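Next comes start-v2.cif, a file with mmCIF, C-alpha atoms.
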data_run
loop_
_atom_site.label_atom_id
_atom_site.label_comp_id
_atom_site.auth_asym_id
_atom_site.auth_seq_id
_atom_site.Cartn_x
_atom_site.Cartn_y
_atom_site.Cartn_z
CA TYR G 926 7.60 63.19 25.18
CA ASP G 927 7.22 59.70 26.66
CA ARG G 928 10.97 59.15 26.85
CA GLU G 929 11.64 62.33 28.80
CA ILE G 930 8.77 61.65 31.21
CA PHE G 931 9.87 58.04 31.77
CA GLU G 932 13.46 59.01 32.59
CA GLN G 933 12.31 61.80 34.85
CA LYS G 934 10.07 59.46 36.84
CA VAL G 935 13.01 57.14 37.43
CA VAL G 936 15.18 59.97 38.72
CA ASP G 937 12.32 61.53 40.64
CA SER G 938 11.50 58.34 42.52
CA GLU G 939 15.05 58.18 43.84
CA LEU G 940 14.91 61.78 44.99
CA LEU G 941 12.31 60.95 47.62
CA TYR G 942 15.12 59.57 49.76
CA TYR G 943 16.84 62.96 49.74
CA GLY G 944 13.82 64.91 51.05
CA ARG G 945 14.28 66.51 54.46
CA ASP G 946 12.55 69.53 55.94
CA LYS G 947 15.01 72.24 56.87
CA GLN G 948 14.65 75.26 59.10
CA ARG G 949 14.03 78.51 57.27
CA GLU G 950 16.54 81.30 57.66
CA ASP G 951 15.78 85.02 57.98
CA GLU G 952 17.16 85.86 54.56
CA ARG G 953 15.64 83.61 51.91
CA ARG G 954 17.65 82.00 49.19
CA LEU G 955 16.54 82.23 45.59
CA GLN G 956 17.34 79.12 43.56
CA TYR G 957 17.66 80.36 39.96
CA LEU G 958 17.80 77.67 37.27
CA LEU G 959 18.83 78.50 33.68
CA ILE G 960 18.36 75.92 30.92
CA ASP G 961 20.08 76.36 27.56
CA CYS G 962 17.52 75.71 24.81
CA SER G 963 19.66 76.63 21.79
CA ALA G 964 19.99 74.28 18.82
CA SER G 965 23.21 72.81 20.26
CA MET G 966 21.19 71.31 23.13
CA ARG G 967 19.05 69.09 20.93
CA GLY G 968 19.08 65.29 21.10
CA GLN G 969 20.73 63.55 24.05
CA ARG G 970 21.80 66.83 25.63
CA GLN G 971 18.20 68.06 25.71
CA VAL G 972 16.79 64.84 27.15
CA PHE G 973 19.33 64.76 29.95
CA ALA G 974 19.24 68.51 30.65
CA ARG G 975 15.47 68.74 31.01
CA GLY G 976 15.18 65.55 33.02
CA LEU G 977 17.93 66.85 35.30
CA ALA G 978 16.18 70.22 35.57
CA LEU G 979 12.93 68.61 36.70
CA ALA G 980 14.74 66.42 39.22
CA LEU G 981 16.66 69.42 40.52
CA ILE G 982 13.46 71.46 40.88
CA LYS G 983 11.93 68.62 42.92
CA LYS G 984 14.94 68.51 45.23
CA LEU G 985 15.16 72.29 45.65
CA THR G 986 11.44 72.45 46.42
CA LEU G 987 12.08 70.17 49.39
CA GLU G 988 14.64 72.72 50.60
CA GLY G 989 11.82 75.23 51.02
CA ASP G 990 13.37 77.98 48.90
CA GLU G 991 11.75 79.89 46.07
CA ILE G 992 12.77 78.65 42.61
CA TRP G 993 12.93 80.56 39.34
CA VAL G 994 13.30 78.67 36.06
CA ARG G 995 14.16 80.21 32.68
CA PHE G 996 15.18 78.99 29.25
CA PHE G 997 17.73 80.97 27.28
CA ASP G 998 19.18 81.11 23.76
CA SER G 999 19.68 84.55 22.21
CA ARG G 1000 17.66 86.00 25.08
CA LEU G 1001 16.20 85.15 28.46
CA HIS G 1002 12.73 83.70 28.13
CA GLU G 1003 9.77 83.85 30.52
CA THR G 1004 10.49 83.39 34.22
CA ILE G 1005 8.63 80.47 35.80
CA LYS G 1006 8.36 81.04 39.54
CA ILE G 1007 7.84 77.99 41.73
CA GLY G 1008 6.88 78.51 45.34
CA ARG G 1009 6.86 76.17 48.31
CA SER G 1010 3.84 74.32 46.90
CA GLY G 1011 6.13 72.93 44.20
CA GLN G 1012 3.69 73.26 41.30
CA VAL G 1013 5.98 72.45 38.37
CA PRO G 1014 4.78 73.05 34.77
CA VAL G 1015 6.15 69.73 33.49
CA PRO G 1016 4.63 69.89 29.96
CA TYR G 1017 6.05 73.39 29.45
CA LEU G 1018 9.54 72.40 30.56
CA LEU G 1019 9.60 69.26 28.41
CA SER G 1020 8.09 70.76 25.26
CA PHE G 1021 9.66 74.24 25.15
CA ARG G 1022 11.33 74.90 21.81
CA SER G 1023 13.74 77.66 20.92
CA GLU G 1024 12.86 79.88 17.98
CA ARG G 1025 16.01 81.96 18.03
CA GLY G 1026 19.78 81.66 17.69
CA ARG G 1027 22.10 82.22 20.63
CA ASN G 1028 23.71 85.27 22.16
CA TYR G 1029 25.32 84.30 25.44
CA SER G 1030 26.97 87.67 26.02
CA LYS G 1031 23.61 89.47 25.83
CA VAL G 1032 21.88 86.86 28.03
CA PHE G 1033 24.40 86.92 30.85
CA ARG G 1034 24.81 90.69 30.84
CA GLN G 1035 21.06 91.00 31.28
CA LEU G 1036 21.24 88.36 33.99
CA LEU G 1037 23.98 90.27 35.81
CA VAL G 1038 21.78 93.36 36.00
CA GLU G 1039 18.85 91.33 37.31
CA VAL G 1040 20.82 89.39 39.92
CA THR G 1041 22.56 92.55 41.14
CA ARG G 1042 19.15 94.18 41.67
CA LEU G 1043 17.93 91.15 43.59
CA ARG G 1044 20.93 91.30 45.93
CA ARG G 1045 20.82 95.05 46.49
CA GLU G 1046 17.10 95.82 46.62
CA GLN G 1047 15.56 92.59 47.90
CA LYS G 1048 18.55 91.25 49.86
CA ARG G 1049 18.14 87.87 48.22
CA ARG G 1050 20.85 85.23 48.34
CA VAL G 1051 20.98 83.86 44.81
CA VAL G 1052 22.23 80.44 43.79
CA LEU G 1053 22.48 80.38 40.00
CA TYR G 1054 22.41 77.00 38.22
CA THR G 1055 23.20 76.91 34.49
CA ILE G 1056 22.68 73.78 32.37
CA THR G 1057 24.41 74.22 29.02
CA HIS G 1058 26.90 72.65 26.57
CA GLY G 1059 30.53 72.95 25.51
CA GLN G 1060 29.90 75.66 22.92
CA CYS G 1061 28.53 78.11 25.47
CA HIS G 1062 31.10 80.92 25.55
CA ILE G 1063 30.80 83.64 28.17
CA GLU G 1064 33.37 86.37 28.77
CA PRO G 1065 35.43 85.57 31.90
CA GLU G 1066 35.04 89.11 33.22
CA LEU G 1067 31.26 88.76 33.01
CA VAL G 1068 31.36 85.51 34.98
CA THR G 1069 33.62 87.15 37.55
CA ALA G 1070 31.12 89.98 38.00
CA LEU G 1071 28.23 87.49 38.35
CA LYS G 1072 30.21 85.53 40.90
CA GLN G 1073 30.30 88.58 43.18
CA GLN G 1074 26.49 88.62 43.21
CA ALA G 1075 25.59 84.91 43.28
CA PHE G 1076 26.89 81.40 43.89
CA LEU G 1077 27.52 79.95 40.41
CA TYR G 1078 26.84 76.26 39.72
CA GLY G 1079 27.32 75.04 36.15
CA VAL G 1080 26.47 71.77 34.40
CA VAL G 1081 28.09 71.24 30.99
CA VAL G 1082 26.41 68.41 29.07
CA LEU G 1083 28.35 66.43 26.46
CA PRO G 1084 31.23 68.77 25.60
CA SER G 1085 32.08 68.53 21.89
CA SER G 1086 35.83 68.50 22.59
CA ASP G 1087 38.33 67.96 25.38
CA HIS G 1088 38.53 71.72 25.91
CA LEU G 1089 35.93 73.16 28.23
CA PRO G 1090 34.63 76.71 27.82
CA GLU G 1091 36.99 79.17 29.49
CA PHE G 1092 34.34 80.32 31.97
CA VAL G 1093 33.98 76.87 33.60
CA PRO G 1094 37.03 77.09 35.95
CA LEU G 1095 35.70 80.42 37.22
CA LEU G 1096 32.48 78.91 38.58
CA ASP G 1097 32.05 78.15 42.26
CA ARG G 1098 31.09 74.59 41.35
CA SER G 1099 30.82 72.71 38.06
CA GLN G 1100 29.79 69.31 36.76
CA ILE G 1101 30.81 67.80 33.42
CA VAL G 1102 28.56 65.15 31.85
CA SER G 1103 30.39 63.06 29.26
CA GLY G 1104 29.04 61.33 26.18
CA GLU G 1105 29.61 57.90 27.70
CA VAL G 1106 27.17 58.75 30.47
CA LEU G 1107 24.41 59.78 28.07
CA THR G 1108 24.50 56.51 26.13
CA ASN G 1109 23.80 54.35 29.18
CA ARG G 1110 20.48 54.59 31.04
CA ALA G 1111 21.85 53.47 34.39
CA GLU G 1112 24.74 55.90 34.11
CA ARG G 1113 22.37 58.74 33.22
CA GLN G 1114 20.32 58.05 36.31
CA ARG G 1115 23.39 57.76 38.55
CA ARG G 1116 24.95 60.93 37.17
CA ALA G 1117 21.74 62.92 37.56
CA LEU G 1118 21.39 61.79 41.18
CA ASP G 1119 25.03 62.66 41.86
CA ILE G 1120 24.47 66.19 40.58
CA VAL G 1121 21.21 66.68 42.44
CA GLY G 1122 22.75 65.47 45.69
CA ASP G 1123 25.80 67.66 45.20
CA THR G 1124 23.76 70.84 44.74
CA THR G 1125 22.57 70.75 48.33
CA ARG G 1126 26.03 70.15 49.74
CA ALA G 1127 27.66 72.82 47.55
CA ALA G 1128 25.20 75.73 47.82
CA PRO G 1129 26.09 78.13 50.65
CA ARG G 1130 23.71 78.74 53.53
CA LYS G 1131 25.27 82.05 54.57
CA ALA G 1132 24.89 85.19 52.49
CA PRO G 1133 28.00 86.73 50.90
CA PRO G 1134 28.50 90.51 51.22
CA VAL G 1135 26.78 92.60 48.56
CA ALA G 1136 29.37 93.71 46.04
CA ALA G 1137 29.17 96.34 43.34
CA VAL G 1138 29.56 95.26 39.71
CA PRO G 1139 33.26 95.82 38.98
CA ASN G 1140 34.34 97.85 35.96
CA ASP G 1141 37.62 96.03 35.80
CA PRO G 1142 37.00 92.67 37.49
CA GLN G 1143 40.06 90.82 38.69
CA HIS G 1144 40.79 87.25 37.81
CA SER G 1145 38.71 84.85 39.95
CA ARG G 1146 40.04 81.87 41.81
CA ARG G 1147 39.93 78.84 39.55
CA MET G 1148 38.18 75.73 40.81
CA LYS G 1149 38.42 72.18 39.54
CA ALA G 1150 35.40 70.80 37.67
CA VAL G 1151 33.72 67.74 39.14
CA SER G 1152 34.25 64.68 36.96
CA ASP G 1153 31.93 61.80 36.11
CA GLU G 1154 33.69 59.55 38.59
CA PRO G 1155 31.37 58.32 41.37
CA PRO G 1156 32.02 59.87 44.80
CA GLY G 1157 34.07 57.93 47.31
CA PRO G 1158 32.68 56.56 50.56
CA ARG G 1159 31.77 59.11 53.21
CA ARG G 1160 33.54 59.19 56.52
CA PRO G 1161 31.33 58.51 59.54
#

Is it possible to express this structure as structure tokens?
Amino acid sequence: YDREIFEQKVVDSELLYYGRDKQREDERRLQYLLIDCSASMRGQRQVFARGLALALIKKLTLEGDEIWVRFFDSRLHETIKIGRSGQVPVPYLLSFRSERGRNYSKVFRQLLVEVTRLRREQKRRVVLYTITHGQCHIEPELVTALKQQAFLYGVVVLPSSDHLPEFVPLLDRSQIVSGEVLTNRAERQRRALDIVGDTTRAAPRKAPPVAAVPNDPQHSRRMKAVSDEPPGPRRP
């Protein structure tokens, strides 16, 4: 896994400039990171996704929140819990291999139950990051129900067509990583840093009201996906 480790070190070294200690709030956030490990994520998608995941974990650790990391395919795999010490199981994350097919409906229905319990029973504010691909299809009503329990941030790596999965516009925030980015090392690094930097700006600091899982969820407000174009200059 030399290639994955090399690219991660490059991204990770840049992340040191983002690190700032922030004041803890009374109600802790839970940063929940899901990584698609199905067969469709192999090759360039896998290299970028896992390098991005490690860089994102490093950045979120500096935020002081608890982080949960899980792979998924036809089911949700073991939960890796990372505390404030930031002990990241790098070999596990880089070498994990899927042994199953994929069942996104089952995975995200199970996730909805879990996240709802976290909000209701533990009063946790959940920010859910999902790194997946263009063939990940989730029912819009399921995404709408999840959105009432958590802030949804999606990263779609190398879509196989110009048509994004129908759930993407329903997310609170989304990033699309094109094939052109993955073929250029400098662009991969820039894009990863853009995403990592954006996660901190996008994730809410205030807790939304706890909502029940709707039986007939209404259509959510659609939001524009973030493109691969570099961000413009900031205003002073």

- Can you work out the spacing between atom CA of G:Ser963 and atom CA of G:Gly976 in Å, to one decimal?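 For atom CA of G:Ser963 relative to atom CA of G:Gly976, the distance reads 16.4 Å.
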
- Task: Identify which of the residues G:Thr1125, G:Thr1041, G:Thr1057, G:Ser1020 lies closest to G:Gly989, counting only C-alpha atoms when measuring atom-to-atom distances.
- Result: G:Thr1125

- In Å and to one decimal, atom CA of G:Trp993 is distant from atom CA of G:Leu955 by 7.4 Å

Hey, could you make a per-residue contact list for stretch 988-1067 of chain G against stretch 1077-1082 of chain G with 9 Å as the cut-off, showing the nearest pair of atoms and its distance in Å to one decimal, counting only C-alpha atoms, sorted by chain and number, as a tab-separated table?
residue	atom	partner	partner_atom	distance
G:Val1051	CA	G:Leu1077	CA	8.8
G:Val1052	CA	G:Leu1077	CA	6.3
G:Leu1053	CA	G:Leu1077	CA	5.1
G:Tyr1054	CA	G:Tyr1078	CA	4.7
G:Thr1055	CA	G:Gly1079	CA	4.8
G:Ile1056	CA	G:Val1080	CA	4.7
G:Thr1057	CA	G:Val1081	CA	5.1
G:His1058	CA	G:Val1081	CA	4.8
G:Gly1059	CA	G:Val1081	CA	6.2
G:Cys1061	CA	G:Val1081	CA	8.8

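Coordinates place atom CA of G:Leu959 at a distance of 10.5 Å from atom CA of G:Phe1033.
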
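Evaluating the PyMOL selection byres ((chain G and resi 1030) around 9) against the shown model yields Ser999, Asn1028, Tyr1029, Lys1031, Val1032, Phe1033, Arg1034, Gln1035, His1062, Ile1063, Glu1064 and Leu1067 of chain G.
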
- Neighbours of stretch 967-973 of chain G within 7 Å (only C-alpha atoms; same-chain residues fewer than 3 positions away dropped), as a PyMOL selection string? chain G and resi 929+964+976-977+1082-1083+1107

- Query: Which of these residues is nearest to G:Ala978, using all atoms listed in the file: G:Val1015, G:Leu1095, G:Met966, G:Ala1075?
  - Reply: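 Checking each candidate against G:Ala978, we get G:Val1015 as the closest.
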
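If only C-alpha atoms are the atoms counted, then among G:Val1038, G:His1088, G:Glu1066, G:Glu988 the closest residue to G:Arg1126 is G:Glu988.
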
Around stretch 1111-1125 of chain G, with edges along x, y and z and 6 Å added on all six sides, what centre and edge lengths do you get, in Å to one decimal, as JSON?
{"center_x": 23.1, "center_y": 62.2, "center_z": 40.8, "size_x": 17.5, "size_y": 29.4, "size_z": 27.1}

- Hey, which of G:Leu985, G:Val994, G:Val1068, G:Ala1111 ends up closest to G:Glu1091? Count all atoms listed in the file. G:Val1068

- Message: Using all atoms listed in the file, can you tell me which of G:Leu1036, G:Cys962, G:Ile1005, G:Ile1101 comes closest to G:Ile1120?
- Response: G:Ile1101

- Query: Quick one: residues within 10 Å of G:Pro1014, only C-alpha atoms counted, chain neighbours fewer than 4 positions away excluded, as a PyMOL selection string?
  - Reply: chain G and resi 979+1005-1007+1018-1019
